[in-house]
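Enquirer: Please find work_1.tsv (TSV, C-alpha atoms and all ligand atoms) on the next line:
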chain	number	residue	atom	x	y	z
A	25	MET	CA	99.65	117.13	111.77
A	26	SER	CA	100.59	113.47	111.55
A	27	ALA	CA	99.25	111.41	108.62
A	28	PHE	CA	98.07	108.91	111.20
A	29	ALA	CA	94.82	109.04	113.11
A	30	PRO	CA	95.30	106.58	115.96
A	31	GLN	CA	92.29	107.89	117.94
A	32	PRO	CA	89.45	105.36	117.93
A	33	GLU	CA	87.04	108.04	116.69
A	34	GLY	CA	87.11	108.24	112.90
A	35	THR	CA	89.05	105.00	112.62
A	36	ARG	CA	88.16	101.43	111.77
A	37	LYS	CA	89.42	98.37	113.67
A	38	VAL	CA	90.51	95.67	111.23
A	39	ALA	CA	91.45	92.03	111.82
A	40	PHE	CA	93.37	90.54	108.92
A	41	HIS	CA	94.43	86.86	108.61
A	42	VAL	CA	91.96	84.85	110.72
A	43	HIS	CA	91.08	81.15	110.35
A	44	THR	CA	87.85	79.21	111.02
A	45	ASN	CA	87.04	75.51	111.37
A	46	ARG	CA	87.15	75.23	107.57
A	47	SER	CA	90.94	75.13	108.09
A	48	PHE	CA	92.43	71.73	108.98
A	49	ASP	CA	94.06	73.17	112.11
A	50	SER	CA	91.28	75.31	113.61
A	51	LEU	CA	88.01	74.64	115.46
A	52	VAL	CA	86.58	78.20	115.46
A	53	GLN	CA	82.93	78.20	114.40
A	54	PRO	CA	81.88	81.01	112.02
A	55	GLY	CA	79.04	82.22	114.29
A	56	VAL	CA	81.30	82.35	117.34
A	57	LEU	CA	83.87	84.33	115.36
A	58	VAL	CA	81.27	86.92	114.29
A	59	ARG	CA	80.12	87.39	117.90
A	60	ALA	CA	83.72	87.74	119.14
A	61	CYS	CA	84.49	90.39	116.50
A	62	LEU	CA	81.40	92.40	117.40
A	63	ALA	CA	82.22	92.15	121.12
A	64	GLN	CA	85.81	93.29	120.53
A	65	GLY	CA	84.91	96.23	118.27
A	66	VAL	CA	86.36	94.71	115.09
A	67	ARG	CA	84.58	96.40	112.16
A	68	THR	CA	86.33	94.66	109.25
A	69	LEU	CA	87.34	90.99	109.35
A	70	CYS	CA	89.39	89.24	106.66
A	71	VAL	CA	88.75	85.49	106.84
A	72	THR	CA	91.65	83.55	105.34
A	73	ASP	CA	91.23	79.79	105.69
A	74	HIS	CA	93.77	77.37	104.24
A	75	ASP	CA	93.02	76.76	100.55
A	76	THR	CA	89.31	77.60	100.65
A	77	ILE	CA	86.95	80.59	100.66
A	78	ASP	CA	84.16	78.44	102.19
A	79	GLY	CA	84.84	79.67	105.74
A	80	ALA	CA	84.84	83.31	104.66
A	81	LEU	CA	81.57	82.86	102.76
A	82	ALA	CA	79.97	81.24	105.84
A	83	VAL	CA	81.16	84.07	108.12
A	84	ARG	CA	80.00	86.72	105.64
A	85	SER	CA	76.49	85.30	105.39
A	86	LEU	CA	76.19	85.15	109.20
A	87	ALA	CA	77.40	88.76	109.54
A	88	MET	CA	75.18	90.10	106.76
A	89	THR	CA	72.74	91.90	109.07
A	90	SER	CA	75.41	93.18	111.49
A	91	SER	CA	77.84	96.10	111.36
A	92	LEU	CA	80.76	93.73	110.68
A	93	GLN	CA	82.29	93.89	107.18
A	94	VAL	CA	83.61	90.48	106.15
A	95	ILE	CA	86.19	90.37	103.37
A	96	VAL	CA	86.23	87.01	101.64
A	97	GLY	CA	89.73	85.59	101.43
A	98	ALA	CA	91.86	82.46	101.61
A	99	GLU	CA	95.47	81.53	102.34
A	100	TYR	CA	96.65	79.38	99.45
A	101	LYS	CA	99.57	76.99	99.71
A	102	THR	CA	101.76	77.47	96.63
A	103	ASP	CA	105.10	76.19	95.39
A	104	LEU	CA	106.70	79.36	96.81
A	105	GLY	CA	104.87	79.38	100.15
A	106	ASP	CA	101.54	80.78	101.35
A	107	VAL	CA	99.78	83.59	99.44
A	108	ILE	CA	96.67	85.33	100.77
A	109	GLY	CA	93.98	86.54	98.37
A	110	LEU	CA	91.35	89.03	99.57
A	111	PHE	CA	88.11	90.27	97.93
A	112	LEU	CA	87.67	86.91	96.21
A	113	HIS	CA	84.53	85.70	94.44
A	114	GLU	CA	85.79	82.35	93.24
A	115	GLU	CA	88.15	79.69	94.53
A	116	VAL	CA	91.70	79.80	93.15
A	117	LYS	CA	92.54	76.28	92.02
A	118	MET	CA	96.14	76.47	90.80
A	119	ARG	CA	99.12	76.15	93.16
A	120	ASP	CA	101.86	77.84	91.13
A	121	ALA	CA	102.55	81.02	93.12
A	122	LEU	CA	102.83	83.42	90.21
A	123	ARG	CA	99.65	82.06	88.60
A	124	VAL	CA	97.85	82.26	91.97
A	125	VAL	CA	98.69	85.98	92.19
A	126	ARG	CA	97.46	86.51	88.62
A	127	ALA	CA	94.22	84.61	89.36
A	128	ILE	CA	93.61	86.77	92.45
A	129	HIS	CA	94.15	89.96	90.41
A	130	ALA	CA	91.96	88.66	87.56
A	131	GLN	CA	88.94	88.62	89.89
A	132	GLY	CA	89.64	92.11	91.26
A	133	GLY	CA	91.27	90.87	94.46
A	134	ILE	CA	94.53	91.80	96.13
A	135	ALA	CA	97.41	89.44	96.85
A	136	ILE	CA	99.20	89.62	100.19
A	137	LEU	CA	102.33	87.86	101.32
A	138	PRO	CA	101.88	86.45	104.84
A	139	HIS	CA	104.90	85.65	107.05
A	140	PRO	CA	107.47	86.06	104.19
A	141	PHE	CA	110.27	84.43	106.19
A	142	HIS	CA	108.31	81.42	107.42
A	143	ALA	CA	108.16	78.60	104.84
A	144	HIS	CA	108.77	80.78	101.78
A	145	PRO	CA	111.74	79.27	99.94
A	146	ASP	CA	113.35	81.56	97.41
A	147	GLY	CA	110.44	84.00	97.19
A	148	ALA	CA	112.21	86.92	95.48
A	149	GLU	CA	109.97	86.96	92.41
A	150	LEU	CA	106.83	86.45	94.51
A	151	PHE	CA	107.88	89.23	96.91
A	152	GLN	CA	107.88	91.68	93.98
A	153	LEU	CA	104.49	90.59	92.63
A	154	VAL	CA	102.32	90.83	95.74
A	155	ASP	CA	100.38	94.00	96.56
A	156	ALA	CA	101.16	94.11	100.29
A	157	ILE	CA	103.22	92.33	102.94
A	158	GLU	CA	102.29	91.07	106.41
A	159	VAL	CA	105.01	92.65	108.57
A	160	PHE	CA	103.90	91.11	111.87
A	161	ASN	CA	102.36	87.66	112.20
A	162	GLY	CA	101.25	86.63	115.70
A	163	ARG	CA	102.63	83.13	115.20
A	164	CYS	CA	106.08	84.11	113.89
A	165	SER	CA	109.32	84.66	115.74
A	166	LEU	CA	110.64	88.14	116.45
A	167	GLY	CA	113.41	87.62	113.88
A	168	GLU	CA	110.99	86.53	111.14
A	169	ASN	CA	108.78	89.56	111.75
A	170	GLU	CA	111.69	92.01	111.84
A	171	LYS	CA	112.89	90.68	108.48
A	172	ALA	CA	109.35	91.00	107.06
A	173	PHE	CA	109.19	94.66	108.12
A	174	ALA	CA	112.60	95.32	106.54
A	175	LEU	CA	111.49	93.59	103.32
A	176	ALA	CA	108.30	95.67	103.01
A	177	THR	CA	110.30	98.82	103.73
A	178	ARG	CA	112.87	97.96	101.04
A	179	LEU	CA	110.22	97.06	98.43
A	180	GLN	CA	107.97	99.98	99.49
A	181	LYS	CA	104.97	97.69	99.84
A	182	PRO	CA	101.89	98.51	101.95
A	183	MET	CA	102.10	96.90	105.41
A	184	LEU	CA	99.50	94.79	107.22
A	185	VAL	CA	99.65	92.82	110.45
A	186	GLY	CA	97.82	89.57	111.20
A	187	SER	CA	97.16	87.48	114.28
A	188	ASP	CA	96.96	84.32	112.12
A	189	ALA	CA	94.36	83.32	114.72
A	190	HIS	CA	93.42	79.62	114.76
A	191	PHE	CA	91.81	79.95	118.22
A	192	LEU	CA	89.49	82.72	119.42
A	193	SER	CA	91.97	83.62	122.15
A	194	GLU	CA	94.37	84.80	119.42
A	195	LEU	CA	91.92	87.16	117.68
A	196	SER	CA	93.14	90.29	119.44
A	197	ASN	CA	96.84	89.39	119.12
A	198	ALA	CA	97.15	91.70	116.11
A	199	THR	CA	94.70	94.39	115.08
A	200	MET	CA	94.97	97.50	113.00
A	201	ARG	CA	93.25	100.87	113.12
A	202	PHE	CA	92.67	102.27	109.65
A	203	SER	CA	92.03	105.99	109.29
A	204	GLY	CA	88.43	106.71	108.29
A	205	ASP	CA	85.48	104.66	109.46
A	206	LYS	CA	84.06	103.61	106.07
A	207	GLN	CA	84.10	99.99	104.89
A	208	LEU	CA	87.32	98.95	103.15
A	209	LEU	CA	87.54	98.58	99.38
A	210	PRO	CA	90.57	96.86	97.82
A	211	ALA	CA	92.31	100.19	97.20
A	212	ASP	CA	91.81	101.20	100.86
A	213	LEU	CA	93.88	98.22	102.03
A	214	LEU	CA	96.73	99.53	99.91
A	215	THR	CA	96.48	103.27	100.60
A	216	ARG	CA	94.69	104.22	103.84
A	217	PRO	CA	97.05	105.06	106.73
A	218	ARG	CA	96.94	102.61	109.60
A	219	SER	CA	98.47	101.92	113.00
A	220	TRP	CA	98.71	98.58	114.76
A	221	LYS	CA	99.45	96.68	117.92
A	222	GLY	CA	100.68	93.10	117.95
A	223	HIS	CA	101.40	90.43	120.55
A	224	SER	CA	103.01	87.12	119.74
A	225	ALA	CA	100.90	84.03	120.44
A	226	ARG	CA	101.52	81.89	123.51
A	227	PRO	CA	103.73	78.90	122.58
A	228	THR	CA	101.12	76.55	124.05
A	229	THR	CA	98.56	77.92	121.57
A	230	LEU	CA	100.86	77.24	118.61
A	231	ARG	CA	101.35	73.61	119.70
A	232	ALA	CA	97.64	73.18	120.39
A	233	SER	CA	96.75	73.87	116.74
A	234	GLN	CA	99.12	71.06	115.76
A	235	GLY	CA	97.04	68.88	118.09
A	236	VAL	CA	93.84	70.01	116.34
A	237	LYS	CA	95.43	69.15	113.01
A	238	GLY	CA	96.35	65.73	114.39
A	239	LEU	CA	92.76	65.11	115.51
A	240	LYS	CA	91.14	66.42	112.32
A	241	THR	CA	93.51	64.50	110.05
A	242	ARG	CA	93.27	61.40	112.29
A	243	SER	CA	96.98	61.35	113.02
A	244	PRO	CA	97.40	60.01	116.59
A	245	ARG	CA	101.16	60.49	116.41
A	246	LEU	CA	100.81	64.23	115.63
A	247	ALA	CA	98.12	64.67	118.31
A	248	ALA	CA	100.28	62.92	120.92
A	249	SER	CA	103.46	64.85	120.13
A	250	ALA	CA	101.49	68.13	120.16
A	251	THR	CA	100.05	67.28	123.59
A	252	LEU	CA	103.55	66.66	124.96
A	253	ALA	CA	104.74	69.96	123.46
A	254	VAL	CA	101.79	71.85	125.00
A	255	LEU	CA	102.67	70.43	128.43
A	256	LYS	CA	106.34	71.32	128.00
A	257	HIS	CA	105.55	74.93	127.00
A	258	ALA	CA	102.95	75.27	129.77
A	259	ALA	CA	105.66	74.30	132.27
A	260	CYS	CA	108.04	76.89	130.75
A	261	GLU	CA	105.35	79.58	131.00
A	262	MET	CA	104.70	78.72	134.65
A	263	LEU	CA	108.42	79.14	135.31
A	264	GLY	CA	108.36	82.56	133.61
A	265	MET	CA	110.44	81.35	130.68
A	266	SER	CA	108.11	82.54	127.89
A	267	ASP	CA	109.73	84.58	125.11
A	268	ARG	CA	106.59	86.39	123.95
A	269	TYR	CA	106.95	89.92	122.63
A	270	SER	CA	104.78	92.81	121.53
A	271	THR	CA	105.05	95.41	118.81
A	272	GLU	CA	103.49	98.70	117.71
A	273	GLY	CA	103.72	100.43	114.39
A	274	GLU	CA	102.12	102.50	111.69
A	275	TRP	CA	102.18	102.78	107.93
A	276	SER	CA	101.15	105.36	105.36
A	277	LEU	CA	102.14	105.98	101.75
A	278	VAL	CA	104.86	108.36	102.96
A	279	SER	CA	106.26	106.71	106.08
A	280	SER	CA	106.35	103.66	108.31
A	281	ARG	CA	107.55	102.77	111.76
A	282	ALA	CA	107.61	99.75	114.06
A	283	THR	CA	108.90	99.21	117.57
A	284	THR	CA	109.17	95.91	119.37
A	285	ALA	CA	109.45	95.20	123.07
A	286	SER	CA	109.78	92.02	125.08
A	287	LYS	CA	106.78	91.25	127.23
B	301	ZN	ZN	100.45	80.67	106.55
B	302	ZN	ZN	97.27	81.56	108.42
Render the structure in this file as structure tokens.
Expert:
Amino acid sequence: MSAFAPQPEGTRKVAFHVHTNRSFDSLVQPGVLVRACLAQGVRTLCVTDHDTIDGALAVRSLAMTSSLQVIVGAEYKTDLGDVIGLFLHEEVKMRDALRVVRAIHAQGGIAILPHPFHAHPDGAELFQLVDAIEVFNGRCSLGENEKAFALATRLQKPMLVGSDAHFLSELSNATMRFSGDKQLLPADLLTRPRSWKGHSARPTTLRASQGVKGLKTRSPRLAASATLAVLKHAACEMLGMSDRYSTEGEWSLVSSRATTASK
């Protein structure tokens, strides 16, 4: 029998790498996120705002009486690119990548490398240190994701996929099914077999979060250029010129697989 248990029964739907309005480029309210997860059958949600665990703490307290497990995390900007910490209790203050990973481990958390080939200059040392690698990110190009999968395969690191949702419409762009329906402990993220489905985000969505960033940081120039980009991509989509793609895969301690298809 396969090591994988893709049937919904006896599995747990997990959303990893999701932002809230505590991030400078998202407007998603914690309460709305909790309701969306419950409606979509997500049982474990990892909230990973930019440089703060505040959003995750807010979501966790709102979900306390529900069946949704909220893992407190953050996506920290470091000198070697973004690093995600999960199962955090305290904010990580430093920005030196190797010290960030150590600080995550010191509080019993796990360190995950998101989108390794998107804004990660010279990450070789960091790639070795992290506990797991995001092999599909809903906001990355096909090439970036294929390289991430190859990297995790070469380094024999556990694989996760993330929507990197900044809007609610992106939440279901990448979800995993973990075998077993119990809540996830740190070790489960690194050992339990899982399968996944991923869809790349619409280009208009990517540009729209630049517009949100422009509004929240009071940068009219950024907001205006993002609006123009949204219109341009919307026109391309109407003409059927979108280059979105989808992927499926699975990972266990003994094997992994991923297949990608154009949409
Ligand atoms: Zn990132
Ligand atoms: Zn992110």
Enquirer: Atom CA of A:Met118 to atom CA of A:Gly133: how many Å, to one decimal?
Expert: 15.6 Å
Enquirer: Give the residues close to ligand ZN 302 (chain B), within 8 Å, counting all atoms listed in the file; write them as a short mmCIF file (atom, residue, chain, number, x, y, z; two decimals) with C-alpha atoms, in the coordinates of the input.
Expert:
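As a result, out13.cif now contains:
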data_model
loop_
_atom_site.label_atom_id
_atom_site.label_comp_id
_atom_site.auth_asym_id
_atom_site.auth_seq_id
_atom_site.Cartn_x
_atom_site.Cartn_y
_atom_site.Cartn_z
CA HIS A 41 94.43 86.86 108.61
CA VAL A 42 91.96 84.85 110.72
CA HIS A 43 91.08 81.15 110.35
CA THR A 72 91.65 83.55 105.34
CA ASP A 73 91.23 79.79 105.69
CA HIS A 74 93.77 77.37 104.24
CA GLU A 99 95.47 81.53 102.34
CA PRO A 138 101.88 86.45 104.84
CA ASP A 188 96.96 84.32 112.12
CA ALA A 189 94.36 83.32 114.72
CA HIS A 190 93.42 79.62 114.76
#
Enquirer: Which residues of chain A sit at most 12 Å from ligand ZN 301 (chain B), using all atoms listed in the file? Give each one's shortest atom pair and distance in Å (one decimal place), in chain and ascending residue order, as a tab-separated table.
Expert:
residue	atom	partner	partner_atom	distance
A:His41	CA	B:ZN301	ZN	8.9
A:Val42	CA	B:ZN301	ZN	10.3
A:His43	CA	B:ZN301	ZN	10.1
A:Ser47	CA	B:ZN301	ZN	11.1
A:Asp49	CA	B:ZN301	ZN	11.3
A:Thr72	CA	B:ZN301	ZN	9.3
A:Asp73	CA	B:ZN301	ZN	9.3
A:His74	CA	B:ZN301	ZN	7.8
A:Asp75	CA	B:ZN301	ZN	10.3
A:Ala98	CA	B:ZN301	ZN	10.1
A:Glu99	CA	B:ZN301	ZN	6.6
A:Tyr100	CA	B:ZN301	ZN	8.2
A:Lys101	CA	B:ZN301	ZN	7.8
A:Thr102	CA	B:ZN301	ZN	10.5
A:Leu104	CA	B:ZN301	ZN	11.6
A:Gly105	CA	B:ZN301	ZN	7.9
A:Asp106	CA	B:ZN301	ZN	5.3
A:Val107	CA	B:ZN301	ZN	7.7
A:Ile108	CA	B:ZN301	ZN	8.3
A:Gly109	CA	B:ZN301	ZN	12.0
A:Ile136	CA	B:ZN301	ZN	11.1
A:Leu137	CA	B:ZN301	ZN	9.1
A:Pro138	CA	B:ZN301	ZN	6.2
A:His139	CA	B:ZN301	ZN	6.7
A:Pro140	CA	B:ZN301	ZN	9.2
A:Phe141	CA	B:ZN301	ZN	10.5
A:His142	CA	B:ZN301	ZN	7.9
A:Ala143	CA	B:ZN301	ZN	8.2
A:His144	CA	B:ZN301	ZN	9.6
A:Glu158	CA	B:ZN301	ZN	10.6
A:Asn161	CA	B:ZN301	ZN	9.2
A:Gly162	CA	B:ZN301	ZN	10.9
A:Arg163	CA	B:ZN301	ZN	9.3
A:Cys164	CA	B:ZN301	ZN	9.9
A:Gly186	CA	B:ZN301	ZN	10.4
A:Ser187	CA	B:ZN301	ZN	10.8
A:Asp188	CA	B:ZN301	ZN	7.5
A:Ala189	CA	B:ZN301	ZN	10.5
A:His190	CA	B:ZN301	ZN	10.9
Enquirer: Against stretch 276-283 of chain A, which residues of stretch 85-181 of chain A fall within 10 Å? For each one I want the closest pair of atoms and the distance in Å (one decimal), counting all atoms listed in the file, rows by chain and increasing residue number, as JSON lines.
Expert:
{"residue": "A:Val159", "atom": "CA", "partner": "A:Ala282", "partner_atom": "CA", "distance": 9.3}
{"residue": "A:Phe160", "atom": "CA", "partner": "A:Ala282", "partner_atom": "CA", "distance": 9.7}
{"residue": "A:Glu170", "atom": "CA", "partner": "A:Ala282", "partner_atom": "CA", "distance": 9.0}
{"residue": "A:Phe173", "atom": "CA", "partner": "A:Ala282", "partner_atom": "CA", "distance": 8.0}
{"residue": "A:Ala176", "atom": "CA", "partner": "A:Ser280", "partner_atom": "CA", "distance": 9.8}
{"residue": "A:Thr177", "atom": "CA", "partner": "A:Ser280", "partner_atom": "CA", "distance": 7.7}
{"residue": "A:Gln180", "atom": "CA", "partner": "A:Leu277", "partner_atom": "CA", "distance": 8.7}
{"residue": "A:Lys181", "atom": "CA", "partner": "A:Leu277", "partner_atom": "CA", "distance": 9.0}
Enquirer: Measure the distance from atom CA of A:Pro227 to atom CA of A:Phe48 in Å and round it to one decimal.
Expert: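 Interatomic distance, atom CA of A:Pro227 to atom CA of A:Phe48: 19.1 Å.
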Enquirer: Which of these residues is nearest to A:Arg59, using only C-alpha atoms: A:Leu184, A:Leu192, A:Ile95, A:Ile157?
Expert: A:Leu192
Enquirer: Suppose you want the space between atom CA of A:Val58 and atom CA of A:Leu86; what is it in Å?
Expert: 7.4 Å
Enquirer: Quick one: residues within 6 Å of A:Arg36, all atoms listed in the file counted, chain neighbours fewer than 5 positions away excluded, as a list in words?
Expert: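 Here the answer would be Arg201, Phe202 and Asp205 of chain A.
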Enquirer: Please report, as lines of an AutoDock Vina configuration file, the centre and edge lengths in Å to one decimal of an axis-aligned box covering all listed atoms of stretch 154-171 of chain A with 4 Å per side.
Expert:
center_x = 106.9
center_y = 88.6
center_z = 106.1
size_x = 21.0
size_y = 19.0
size_z = 28.7
Enquirer: Using all atoms listed in the file, which residues sit within 8 Å of stretch 235-240 of chain A once same-chain residues fewer than 5 positions away are excluded, as a PyMOL selection string?
Expert: chain A and resi 48-51+245-251
Enquirer: Nearest to A:Pro54 among A:Gly34, A:Gly79, A:Gly132, A:Gly273, with distances taken over only C-alpha atoms: which residue is it?
Expert: A:Gly79
Enquirer: Which residue gives the smallest distance to A:Ala211 among A:Arg67, A:Met88, A:Pro182, A:Ala285, with only C-alpha atoms counted?
Expert: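 The closest residue to A:Ala211 is A:Pro182.
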Enquirer: Counting all atoms listed in the file, figure out which residue out of A:Thr76, A:Asn45, A:Ser224, A:Thr68 gets nearest to A:Asp267.
Expert: A:Ser224
Enquirer: With only C-alpha atoms as the atoms that count, which of A:Leu57, A:Ser233, A:Leu62, A:Arg218 lies nearest to A:Val83?
Expert: A:Leu57
Enquirer: For A:Trp220, find every residue with an atom within 8 Å (counting only C-alpha atoms), except residues of its own chain fewer than 4 positions away, and show them as a list in words.
Expert: Val185, Ala198, Thr199, Met200, Arg201, Glu272, Gly273 and Glu274 of chain A
Enquirer: With distances taken over all atoms listed in the file, which residue among A:Arg123, A:Thr271, A:Gln234, A:Pro244 lies nearest A:Ser219?
Expert: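 Checking each of A:Arg123, A:Thr271, A:Gln234, A:Pro244 against A:Ser219, counting all atoms listed in the file, the winner is A:Thr271.
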Enquirer: Leaving out A:His113 and any residue of its chain fewer than 3 positions from it, which residues lie within 10 Å of it when counting all atoms listed in the file, given as JSON, numbers by chain?
Expert: {"A": [77, 81, 96, 97, 110, 116, 128, 131, 132, 133]}
